[in-house]
Amino acid sequence: MIALDPAIEAEAERLLRSLMHVECDPRGRKWNLDTCREIAPLTLEINRLKREKNAVILTHSYVEPEIVYGVGDFKGDSYYLSLMARESAADIILFAGVVFMAETAKILSPGATVIVPDRGSGCSLADSITGEDVRRLKQLHPEAAVVCYINSTAEVKAECDVCVTSGNVYDIVAQLPEQKILFVPDRLMADNVRDELKRRGVRKEIISSDGTCIVHEEFEVAQITQARAQFPGLKVVSHPECTPEVAAASDFVGSTGAMMKYVKETTAPYFLMLTECGLVGRLEVENAAKHFIGGCRLCPYMKLNSLEKIRDALRAPRPEQLVTLDENLRQRAARCIERMFELTPKAG
Ligand code: 13P
Ligand code: SF4
């Protein structure tokens, strides 16, 4: 009989306590003690490297569950993770998410070494527009307030007046003194802002660029209608990157953080989550008694993160894994994000 390593056994048991609840696994894995034993040496090494190097790992809820629960220090949505980056005293911030999130961490925590496990982890929204495009749009609409969704590059943020996230977009746009808003890069979110402000009786003219999220644009109302017929009492929860038709047919629309809060506080027999699969995995772990049905889609960019890449980047980052920004550009992008913090309503 092979002798079991007690450190690996203890780590595998720790991992299993969370991962055993994940049914919506992006790679169809069934988590049990054996699969947790396989990854335990990696999570042990990553957590040791973090301690030795004074590093923290920020994990967006869309990355694979073994990253979120195995090595993540902070897990959440873009707004929460930006705040954690800004408050961090760590020497190294490793961002398990996508590149624009890591850039945001570098903008807010310039003294830290910021690392991305995979430089290819872009985002269809962030990659849809350049700083030069924004400069051209500003010339066409000089009187507009320029608002960028956080899913944008540092170069784009540097051109904008204020940044928003899916959690504060309606409240911030509603507060702006300008009547005309140039909103980049998410066309569908701009549509949702237009609808929500109309509901609130706030008059704004909203012009947008043409980006979309390749994950959220795919959800359809027919899917909601079918699910409601099949599962009476179902609650439908969607993200503001979905189409306005899907948003209108949902019971709740919000950021991934707000979606988690809604599910936690809502009693319903079933939930249909119209968002990326990773969030469903988190909900399964953190609301083990609730039931989530279909609709799951993968973000290919988020799924480029892996424990192996995180370990290698922490051991010795390759140049392309390091996030660096021109200081003047960083300061201009920081002003745009700091204005967001000023305008975000304080919780409670
Ligand atoms: P959240 O800030 O709501 O987590 O959204 C990030 C994102 O990329 C959604 O697709
Ligand atoms: Fe970008 Fe969509 Fe992926 Fe979010 S889910 S990172 S918006 S491509």
# chains A, B, ... in the order shown; residues from 1 in each chain; ligands from 1

call {"tool": "residues_around", "arguments": {"residues": "Leu298 of chain A", "least_positions_apart": "2", "cutoff": "10 Å", "atoms": "only C-alpha atoms", "output": "list in words"}}
result
Pro26, Tyr62, Val63, Ile214, Val215, His216, Thr275, Glu276, Cys277, Gly278, Cys296, Pro300, Tyr301, Met302 and Lys303 of chain A

call {"tool": "residues_near_ligand", "arguments": {"ligand": "ligand 1", "cutoff": "10 Å", "atoms": "only C-alpha atoms and all ligand atoms", "output": "short mmCIF file (atom, residue, chain, number, x, y, z; two decimals) with N, CA, C and O atoms, in the first residue's frame"}}
result
data_model
loop_
_atom_site.label_atom_id
_atom_site.label_comp_id
_atom_site.auth_asym_id
_atom_site.auth_seq_id
_atom_site.Cartn_x
_atom_site.Cartn_y
_atom_site.Cartn_z
N HIS A 60 -11.43 36.41 -10.15
CA HIS A 60 -12.80 36.73 -10.58
C HIS A 60 -13.61 35.44 -10.47
O HIS A 60 -13.09 34.34 -10.68
N SER A 61 -14.92 35.60 -10.19
CA SER A 61 -15.77 34.41 -9.99
C SER A 61 -15.89 33.53 -11.22
O SER A 61 -16.38 32.40 -11.12
N TYR A 62 -15.49 34.00 -12.40
CA TYR A 62 -15.60 33.19 -13.61
C TYR A 62 -14.44 32.21 -13.80
O TYR A 62 -14.48 31.39 -14.72
N LYS A 75 -12.20 36.93 -3.83
CA LYS A 75 -12.98 36.47 -4.98
C LYS A 75 -14.20 37.36 -5.10
O LYS A 75 -14.83 37.69 -4.10
N GLY A 76 -14.51 37.74 -6.34
CA GLY A 76 -15.67 38.60 -6.48
C GLY A 76 -15.79 39.20 -7.86
O GLY A 76 -15.24 38.67 -8.83
N ASP A 77 -16.50 40.35 -7.92
CA ASP A 77 -16.72 41.00 -9.21
C ASP A 77 -15.67 42.08 -9.45
O ASP A 77 -14.78 42.31 -8.61
N SER A 78 -15.79 42.75 -10.59
CA SER A 78 -14.76 43.72 -10.98
C SER A 78 -14.63 44.86 -9.97
O SER A 78 -13.52 45.32 -9.69
N TYR A 79 -15.77 45.31 -9.44
CA TYR A 79 -15.70 46.44 -8.50
C TYR A 79 -14.97 46.02 -7.22
O TYR A 79 -14.05 46.68 -6.76
N TYR A 80 -15.39 44.92 -6.65
CA TYR A 80 -14.78 44.45 -5.39
C TYR A 80 -13.29 44.18 -5.57
O TYR A 80 -12.47 44.59 -4.74
N LEU A 81 -12.93 43.55 -6.68
CA LEU A 81 -11.52 43.21 -6.89
C LEU A 81 -10.68 44.47 -7.13
O LEU A 81 -9.52 44.53 -6.72
N SER A 82 -11.28 45.50 -7.74
CA SER A 82 -10.55 46.77 -7.90
C SER A 82 -10.27 47.38 -6.53
O SER A 82 -9.16 47.86 -6.27
N GLY A 97 -8.01 36.36 -13.74
CA GLY A 97 -9.21 36.95 -14.35
C GLY A 97 -8.84 37.20 -15.79
O GLY A 97 -8.36 36.30 -16.47
N VAL A 98 -9.01 38.44 -16.25
CA VAL A 98 -8.58 38.79 -17.61
C VAL A 98 -7.70 40.04 -17.55
O VAL A 98 -7.63 40.72 -16.52
N PHE A 100 -7.70 43.13 -18.69
CA PHE A 100 -8.12 44.48 -18.30
C PHE A 100 -8.25 44.60 -16.77
O PHE A 100 -8.07 45.66 -16.20
N MET A 101 -8.58 43.49 -16.11
CA MET A 101 -8.71 43.51 -14.64
C MET A 101 -7.34 43.68 -14.00
O MET A 101 -7.18 44.42 -13.02
N CYS A 123 -10.66 40.10 -23.66
CA CYS A 123 -12.09 40.24 -23.39
C CYS A 123 -12.67 40.87 -24.65
O CYS A 123 -12.11 41.85 -25.16
N SER A 124 -13.76 40.31 -25.16
CA SER A 124 -14.29 40.82 -26.44
C SER A 124 -14.71 42.28 -26.31
O SER A 124 -14.68 43.01 -27.30
N LEU A 125 -15.08 42.70 -25.11
CA LEU A 125 -15.45 44.11 -24.92
C LEU A 125 -14.20 44.99 -24.91
O LEU A 125 -14.11 45.96 -25.66
N ALA A 126 -13.24 44.65 -24.05
CA ALA A 126 -12.03 45.47 -23.93
C ALA A 126 -11.29 45.55 -25.26
O ALA A 126 -10.70 46.58 -25.60
N TYR A 149 -17.07 51.49 -19.46
CA TYR A 149 -17.27 50.30 -18.64
C TYR A 149 -15.87 49.82 -18.25
O TYR A 149 -14.91 49.94 -19.03
N ILE A 150 -15.74 49.24 -17.07
CA ILE A 150 -14.41 48.82 -16.59
C ILE A 150 -13.79 47.78 -17.52
O ILE A 150 -12.56 47.64 -17.56
N ASN A 151 -14.64 47.07 -18.29
CA ASN A 151 -14.12 46.11 -19.28
C ASN A 151 -13.55 46.88 -20.47
O ASN A 151 -14.08 46.88 -21.58
N VAL A 164 -17.21 52.87 -14.99
CA VAL A 164 -18.33 52.25 -14.25
C VAL A 164 -18.14 50.74 -14.27
O VAL A 164 -17.42 50.21 -15.12
N THR A 165 -18.80 50.07 -13.34
CA THR A 165 -18.85 48.61 -13.40
C THR A 165 -20.31 48.21 -13.54
O THR A 165 -21.21 49.06 -13.44
N SER A 166 -20.53 46.92 -13.71
CA SER A 166 -21.91 46.45 -13.85
C SER A 166 -22.70 46.70 -12.56
O SER A 166 -23.92 46.71 -12.58
N GLY A 167 -22.00 46.95 -11.46
CA GLY A 167 -22.67 47.15 -10.17
C GLY A 167 -23.09 48.59 -9.91
O GLY A 167 -23.97 48.84 -9.09
N ASN A 168 -22.45 49.56 -10.58
CA ASN A 168 -22.77 50.96 -10.26
C ASN A 168 -23.15 51.77 -11.50
O ASN A 168 -23.35 52.98 -11.40
N THR A 212 -19.54 44.04 -27.76
CA THR A 212 -20.46 43.15 -27.03
C THR A 212 -19.64 42.09 -26.32
O THR A 212 -18.51 41.79 -26.72
N CYS A 213 -20.24 41.51 -25.30
CA CYS A 213 -19.61 40.37 -24.63
C CYS A 213 -20.03 39.11 -25.38
O CYS A 213 -21.24 38.84 -25.50
N ILE A 214 -19.05 38.34 -25.84
CA ILE A 214 -19.37 37.15 -26.63
C ILE A 214 -20.09 36.07 -25.82
O ILE A 214 -20.66 35.16 -26.38
N VAL A 215 -20.05 36.19 -24.51
CA VAL A 215 -20.74 35.21 -23.66
C VAL A 215 -22.20 35.66 -23.45
O VAL A 215 -23.15 34.92 -23.75
N HIS A 216 -22.38 36.87 -22.99
CA HIS A 216 -23.72 37.32 -22.58
C HIS A 216 -24.64 37.67 -23.74
O HIS A 216 -25.86 37.61 -23.60
N HIS A 239 -27.14 39.34 -16.35
CA HIS A 239 -26.08 40.36 -16.21
C HIS A 239 -26.39 41.50 -17.18
O HIS A 239 -26.94 41.24 -18.26
N PRO A 240 -26.05 42.74 -16.84
CA PRO A 240 -26.36 43.84 -17.76
C PRO A 240 -25.59 43.83 -19.08
O PRO A 240 -25.80 44.70 -19.92
N GLU A 241 -24.73 42.84 -19.30
CA GLU A 241 -24.11 42.67 -20.63
C GLU A 241 -25.03 41.87 -21.56
O GLU A 241 -24.73 41.70 -22.74
N CYS A 242 -26.17 41.35 -21.02
CA CYS A 242 -27.14 40.62 -21.86
C CYS A 242 -27.95 41.63 -22.67
O CYS A 242 -27.92 42.83 -22.39
N GLY A 254 -28.00 42.24 -12.58
CA GLY A 254 -26.96 42.90 -11.80
C GLY A 254 -25.59 42.33 -12.06
O GLY A 254 -25.41 41.38 -12.84
N SER A 255 -24.62 42.93 -11.39
CA SER A 255 -23.23 42.46 -11.48
C SER A 255 -23.15 41.04 -10.92
O SER A 255 -24.08 40.57 -10.24
N THR A 256 -22.03 40.38 -11.15
CA THR A 256 -21.91 39.01 -10.62
C THR A 256 -21.98 39.03 -9.08
O THR A 256 -22.55 38.11 -8.48
N GLY A 257 -21.47 40.08 -8.47
CA GLY A 257 -21.56 40.20 -7.01
C GLY A 257 -23.01 40.37 -6.57
O GLY A 257 -23.47 39.73 -5.61
N ALA A 258 -23.74 41.23 -7.29
CA ALA A 258 -25.15 41.46 -6.94
C ALA A 258 -25.99 40.21 -7.21
O ALA A 258 -26.92 39.90 -6.47
N MET A 259 -25.63 39.47 -8.26
CA MET A 259 -26.35 38.22 -8.56
C MET A 259 -26.18 37.23 -7.40
O MET A 259 -27.13 36.56 -6.99
N THR A 275 -25.42 33.90 -17.17
CA THR A 275 -24.08 34.46 -17.03
C THR A 275 -23.07 33.35 -17.26
O THR A 275 -23.43 32.25 -17.66
N GLU A 276 -21.81 33.66 -16.99
CA GLU A 276 -20.75 32.68 -17.24
C GLU A 276 -20.82 31.55 -16.20
O GLU A 276 -21.17 31.79 -15.03
N LEU A 279 -19.68 31.44 -12.30
CA LEU A 279 -20.49 32.00 -11.22
C LEU A 279 -21.45 30.93 -10.68
O LEU A 279 -21.72 30.87 -9.48
N CYS A 299 -16.57 31.60 -20.70
CA CYS A 299 -15.77 32.69 -21.26
C CYS A 299 -14.40 32.10 -21.59
O CYS A 299 -13.66 31.70 -20.68
N TYR A 301 -11.70 33.39 -22.44
CA TYR A 301 -10.57 34.17 -21.92
C TYR A 301 -10.33 33.84 -20.44
O TYR A 301 -9.19 33.61 -20.03
N MET A 302 -11.41 33.80 -19.68
CA MET A 302 -11.26 33.49 -18.25
C MET A 302 -10.69 32.08 -18.06
O MET A 302 -9.93 31.82 -17.13
#

call {"tool": "closest_residue", "arguments": {"among": "A:His21, A:Arg48, A:Arg37, A:Arg135", "to": "Pro6 of chain A", "atoms": "only C-alpha atoms"}}
result
A:Arg37

call {"tool": "select_by_dssp", "arguments": {"residues": "segment 90-254 of chain A", "states": "helix (DSSP H, G or I)", "output": "ChimeraX atom specification"}}
result
/A:99-108,126-128,131-140,154-157,169-175,187-200,216-218,221-230,244-248

call {"tool": "residues_around", "arguments": {"residues": "Ile115 of chain A", "least_positions_apart": "3", "cutoff": "12 Å", "atoms": "only C-alpha atoms", "output": "JSON, numbers by chain"}}
result
{"A": [55, 56, 57, 58, 91, 92, 93, 94, 95, 96, 97, 98, 99, 100, 101, 102, 103, 104, 105, 106, 112, 118, 119, 305, 309, 310, 311, 312, 313, 314, 315, 316, 317, 318, 319, 320, 321, 322, 323, 324]}

call {"tool": "closest_residue", "arguments": {"among": "A:Val263, A:Val169, A:Cys24, A:Ala222", "to": "Glu196 of chain A", "atoms": "only C-alpha atoms"}}
result
A:Val169

call {"tool": "atom_distance", "arguments": {"atom1": "atom CA of Lys235 of chain A", "atom2": "atom CA of Ala249 of chain A"}}
result
10.4 Å

call {"tool": "atom_distance", "arguments": {"atom1": "atom CA of Ala40 of chain A", "atom2": "atom CA of Met260 of chain A"}}
result
27.3 Å

call {"tool": "closest_residue", "arguments": {"among": "A:Glu286, A:Asp25, A:Asp133, A:Glu11", "to": "Glu159 of chain A", "atoms": "only C-alpha atoms"}}
result
A:Asp133

call {"tool": "select_by_dssp", "arguments": {"residues": "segment 65-139 of chain A", "states": "strand (DSSP E or B)", "output": "PyMOL selection string"}}
result
chain A and resi 74-76+92-96+113-115

call {"tool": "closest_residue", "arguments": {"among": "A:Asp326, A:Gly120, A:Ala268, A:Leu19", "to": "ligand 2", "atoms": "only C-alpha atoms and all ligand atoms"}}
result
A:Gly120

call {"tool": "residues_around", "arguments": {"residues": "Ile8 of chain A", "least_positions_apart": "6", "cutoff": "10 Å", "atoms": "only C-alpha atoms", "output": "VMD selection string"}}
result
chain A and resid 14 36 to 44

call {"tool": "closest_residue", "arguments": {"among": "A:Ala145, A:Leu283, A:Ala288, A:Leu188", "to": "ligand 2", "atoms": "only C-alpha atoms and all ligand atoms"}}
result
A:Leu188

call {"tool": "closest_residue", "arguments": {"among": "A:Asp73, A:Asp210, A:Glu338, A:Glu327", "to": "Ile129 of chain A", "atoms": "only C-alpha atoms"}}
result
A:Asp210
